[in-house]
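The structure file start14.txt is reproduced below (compact mmCIF, C-alpha atoms).
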```txt
# COMPACT_ATOMS: atom_id res chain seq x y z
CA MET O 1 11.00 -0.66 46.22
CA GLY O 2 11.80 -4.04 47.58
CA GLN O 3 14.58 -6.51 47.94
CA ARG O 4 14.91 -10.16 48.80
CA MET O 5 11.89 -11.42 46.96
CA PRO O 6 10.87 -15.04 47.46
CA ALA O 7 12.61 -17.48 45.12
CA TRP O 8 9.33 -18.26 43.33
CA ALA O 9 8.86 -14.57 42.43
CA ASP O 10 12.44 -14.17 41.21
CA SER O 11 12.09 -17.36 39.18
CA ALA O 12 8.80 -16.31 37.59
CA CYS O 13 10.09 -12.83 36.69
CA ALA O 14 13.28 -14.29 35.23
CA ASP O 15 11.21 -16.71 33.15
CA TYR O 16 9.06 -13.95 31.63
CA ALA O 17 12.09 -11.70 31.09
CA LYS O 18 14.02 -14.36 29.18
CA ARG O 19 11.07 -14.93 26.82
CA LEU O 20 11.25 -11.34 25.60
CA PRO O 21 13.45 -10.35 22.66
CA ARG O 22 16.36 -7.99 23.32
CA ASP O 23 14.54 -5.04 21.79
CA PHE O 24 11.76 -5.48 24.38
CA ALA O 25 13.91 -6.29 27.41
CA ILE O 26 12.97 -5.69 31.02
CA GLU O 27 15.61 -4.32 33.36
CA LEU O 28 14.81 -4.71 37.05
CA THR O 29 16.11 -2.08 39.46
CA GLU O 30 15.52 -2.82 43.12
CA LEU O 31 15.75 -0.09 45.71
CA LYS O 32 15.95 -0.89 49.38
CA PRO O 33 12.96 0.52 51.26
CA ALA O 34 13.68 3.20 53.87
CA PRO O 35 13.89 1.99 57.48
CA ARG O 36 10.50 2.04 59.19
CA ARG O 37 11.64 4.16 62.16
CA LYS O 38 10.06 7.44 61.00
CA PRO O 39 6.51 8.58 60.30
CA VAL O 40 5.09 7.11 57.08
CA ALA O 41 5.01 10.48 55.31
CA GLN O 42 8.74 10.96 55.90
CA ILE O 43 9.52 7.42 54.80
CA LEU O 44 7.56 7.84 51.55
CA ALA O 45 9.21 11.22 50.87
CA LEU O 46 12.69 9.70 51.30
CA GLU O 47 11.80 6.78 49.06
CA GLY O 48 10.21 9.14 46.52
CA VAL O 49 13.46 11.06 46.05
CA ARG O 50 15.36 7.82 45.42
CA ILE O 51 12.69 6.46 43.07
CA ILE O 52 12.60 9.62 40.96
CA ALA O 53 16.39 9.64 40.75
CA ALA O 54 16.45 5.98 39.69
CA CYS O 55 13.88 6.65 36.93
CA GLY O 56 16.01 9.34 35.32
CA ALA O 57 14.50 10.56 32.06
CA SER O 58 12.22 7.52 31.64
CA THR O 59 8.48 7.86 31.36
CA VAL O 60 7.16 6.81 34.76
CA VAL O 61 4.14 4.58 35.28
CA ALA O 62 3.22 4.40 38.95
CA LEU O 63 1.52 1.24 40.12
CA ASP O 64 -1.11 2.19 42.65
CA GLU O 65 -4.36 0.69 43.89
CA HIS O 66 -6.19 3.88 42.84
CA GLY O 67 -4.76 3.89 39.32
CA ALA O 68 -6.49 3.21 36.03
CA ALA O 69 -7.64 -0.34 35.36
CA TRP O 70 -6.28 -1.15 31.90
CA THR O 71 -7.17 -4.35 30.12
CA SER O 72 -4.32 -6.46 28.77
CA ALA O 73 -5.11 -5.13 25.29
CA ALA O 74 -4.97 -1.51 26.49
CA PHE O 75 -1.70 -2.20 28.29
CA ALA O 76 -0.29 -3.73 25.10
CA ALA O 77 -1.40 -0.68 23.12
CA HIS O 78 0.48 1.60 25.52
CA LEU O 79 3.55 -0.62 25.27
CA GLY O 80 3.30 -0.44 21.50
CA HIS O 81 3.13 3.37 21.49
CA TRP O 82 6.09 3.64 23.84
CA ARG O 83 8.04 1.16 21.72
CA ASP O 84 7.21 2.97 18.48
CA ASP O 85 8.21 6.31 20.00
CA ALA O 86 11.43 4.79 21.45
CA VAL O 87 10.37 5.75 24.99
CA ASP O 88 12.00 4.10 27.99
CA VAL O 89 9.37 3.34 30.61
CA ALA O 90 9.92 2.87 34.33
CA PHE O 91 7.14 0.96 36.06
CA VAL O 92 7.30 1.79 39.76
CA ILE O 93 6.04 -0.45 42.55
CA GLY O 94 6.19 1.29 45.92
CA SER O 95 7.14 -0.07 49.30
CA ALA O 96 4.75 -1.49 51.90
CA ASP O 97 3.20 1.95 52.43
CA GLY O 98 2.85 2.76 48.73
CA LEU O 99 4.30 5.68 46.78
CA ASP O 100 4.92 9.27 47.72
CA ALA O 101 2.75 11.90 46.02
CA SER O 102 5.88 13.27 44.30
CA VAL O 103 6.27 10.00 42.40
CA LYS O 104 2.62 9.98 41.39
CA ARG O 105 2.91 13.59 40.16
CA ARG O 106 6.00 12.64 38.13
CA ALA O 107 4.14 9.70 36.56
CA ALA O 108 2.73 9.92 33.05
CA ALA O 109 0.18 7.29 34.10
CA THR O 110 -1.01 5.62 37.28
CA LEU O 111 -2.05 2.02 36.88
CA GLN O 112 -3.60 -0.61 39.11
CA LEU O 113 -2.77 -4.23 38.50
CA SER O 114 -5.87 -5.39 40.37
CA PRO O 115 -8.62 -3.87 42.48
CA MET O 116 -7.34 -6.25 45.18
CA THR O 117 -4.23 -5.49 47.20
CA LEU O 118 -1.34 -7.66 46.02
CA PRO O 119 1.81 -8.49 47.96
CA HIS O 120 4.88 -6.88 46.42
CA ALA O 121 6.31 -10.13 45.05
CA LEU O 122 3.06 -11.06 43.33
CA ALA O 123 2.63 -7.53 41.91
CA ARG O 124 6.08 -7.82 40.37
CA VAL O 125 5.25 -11.18 38.78
CA VAL O 126 1.92 -9.88 37.44
CA LEU O 127 3.69 -6.86 35.92
CA PHE O 128 6.34 -9.03 34.22
CA GLU O 129 3.64 -11.36 32.92
CA GLN O 130 1.61 -8.46 31.53
CA VAL O 131 4.66 -7.02 29.77
CA TYR O 132 5.22 -10.42 28.17
CA ARG O 133 1.51 -10.72 27.33
CA GLY O 134 1.60 -7.21 25.87
CA TRP O 135 4.55 -8.13 23.68
CA SER O 136 2.73 -11.27 22.56
CA LEU O 137 -0.36 -9.25 21.61
CA LEU O 138 1.74 -6.76 19.65
CA ASN O 139 3.45 -9.58 17.77
CA ALA O 140 0.47 -11.89 17.18
CA HIS O 141 2.18 -14.52 19.31
CA PRO O 142 -0.17 -17.32 20.39
CA TYR O 143 0.52 -16.83 24.14
CA HIS O 144 -2.49 -14.52 24.49
CA ARG O 145 -5.73 -16.23 23.62
CA ALA O 146 -8.75 -13.96 23.75
```
Before we go any further, please render this structure as structure tokens.
Amino acid sequence: MGQRMPAWADSACADYAKRLPRDFAIELTELKPAPRRKPVAQILALEGVRIIAACGASTVVALDEHGAAWTSAAFAAHLGHWRDDAVDVAFVIGSADGLDASVKRRAAATLQLSPMTLPHALARVVLFEQVYRGWSLLNAHPYHRA
């Protein structure tokens, strides 16, 4: 969920995306958050329906502050398994109020990017960077230095 990211976030995400080979491409789908005129539970439910529809048959990974804290190496291992099994993965970042429980139930995994709360734009950049880092780990590329 989210549109009209700051130019710096769009630029950073585009930079990481263009570094990836075609067989490891990132496709960004932005959904406009629901108007904030209703109770939060209703807003999240409306957004949840749209998120689940947008994910289609993909394996869903919900990004949530209460999710698992994977290391970069563990994240890369998951990426490698999904790649080897030819699984499309949809990483979902919620709106300002998070994700509806229906999205979390649909998710194969729930992941936190940090124990700190990140603004949406920064969370997106961190996710793109970690996908690139994961690819670099899987391919013994020198980007990741342990």
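The nearest approach to O:Arg83 among the residues O:Thr59, O:Pro119, O:Phe24, O:Asp100, with only C-alpha atoms taken into account, belongs to O:Phe24.
For the set O:Ala77, O:Ala45, O:Met116, O:Ala69, the residue with the smallest atom-to-atom gap to O:Lys104 is O:Ala45, counting all atoms listed in the file.
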Do you have, as a tab-separated table, the list of residues of stretch 31-59 of chain O lying at most 6 Å from stretch 1-10 of chain O, each with its nearest atom pair and that distance in Å to one decimal, counting all atoms listed in the file and ordered by chain then number?
```
residue	atom	partner	partner_atom	distance
O:Leu31	CA	O:Met1	CA	4.8
O:Lys32	CA	O:Gly2	CA	5.5
O:Pro33	CA	O:Met1	CA	5.5
```
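Of the listed residues (O:Pro115, O:Gly134, O:Gly67, O:Gly80), O:Gly134 comes nearest to O:Leu20; the distances count all atoms listed in the file.
Each of O:Ala73, O:Val126, O:Leu113, O:Ile51 was checked against O:Val92 using only C-alpha atoms; the smallest atom-to-atom distance is that of O:Ile51.
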Using only C-alpha atoms for the distances, tell me which of O:Gly98, O:Ser58, O:Leu138, O:Gln42 is nearest to O:Ala86.
O:Ser58
Pick out the residues sitting within 12 Å of O:Asp88, and hand them over as a count of residues only; count all atoms listed in the file, and ignore anything fewer than 2 positions along from it in its own chain.
22
Any idea what's packed within 10 Å of O:Leu127, counting only C-alpha atoms, ignoring anything in its chain fewer than 4 positions away? Could you give it as a list in words?
Cys13, Tyr16, Leu63, Phe91, Ile93, Leu113, Leu122, Ala123, Val131, Tyr132 and Arg133 of chain O
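In terms of minimum interatomic distance to O:Ile52, O:Ala107 ranks closest within O:Leu118, O:Leu137, O:Ala107, O:Ala74, counting all atoms listed in the file.
Between atom CA of O:Gly94 and atom CA of O:Val49 the interatomic distance comes to 12.2 Å.
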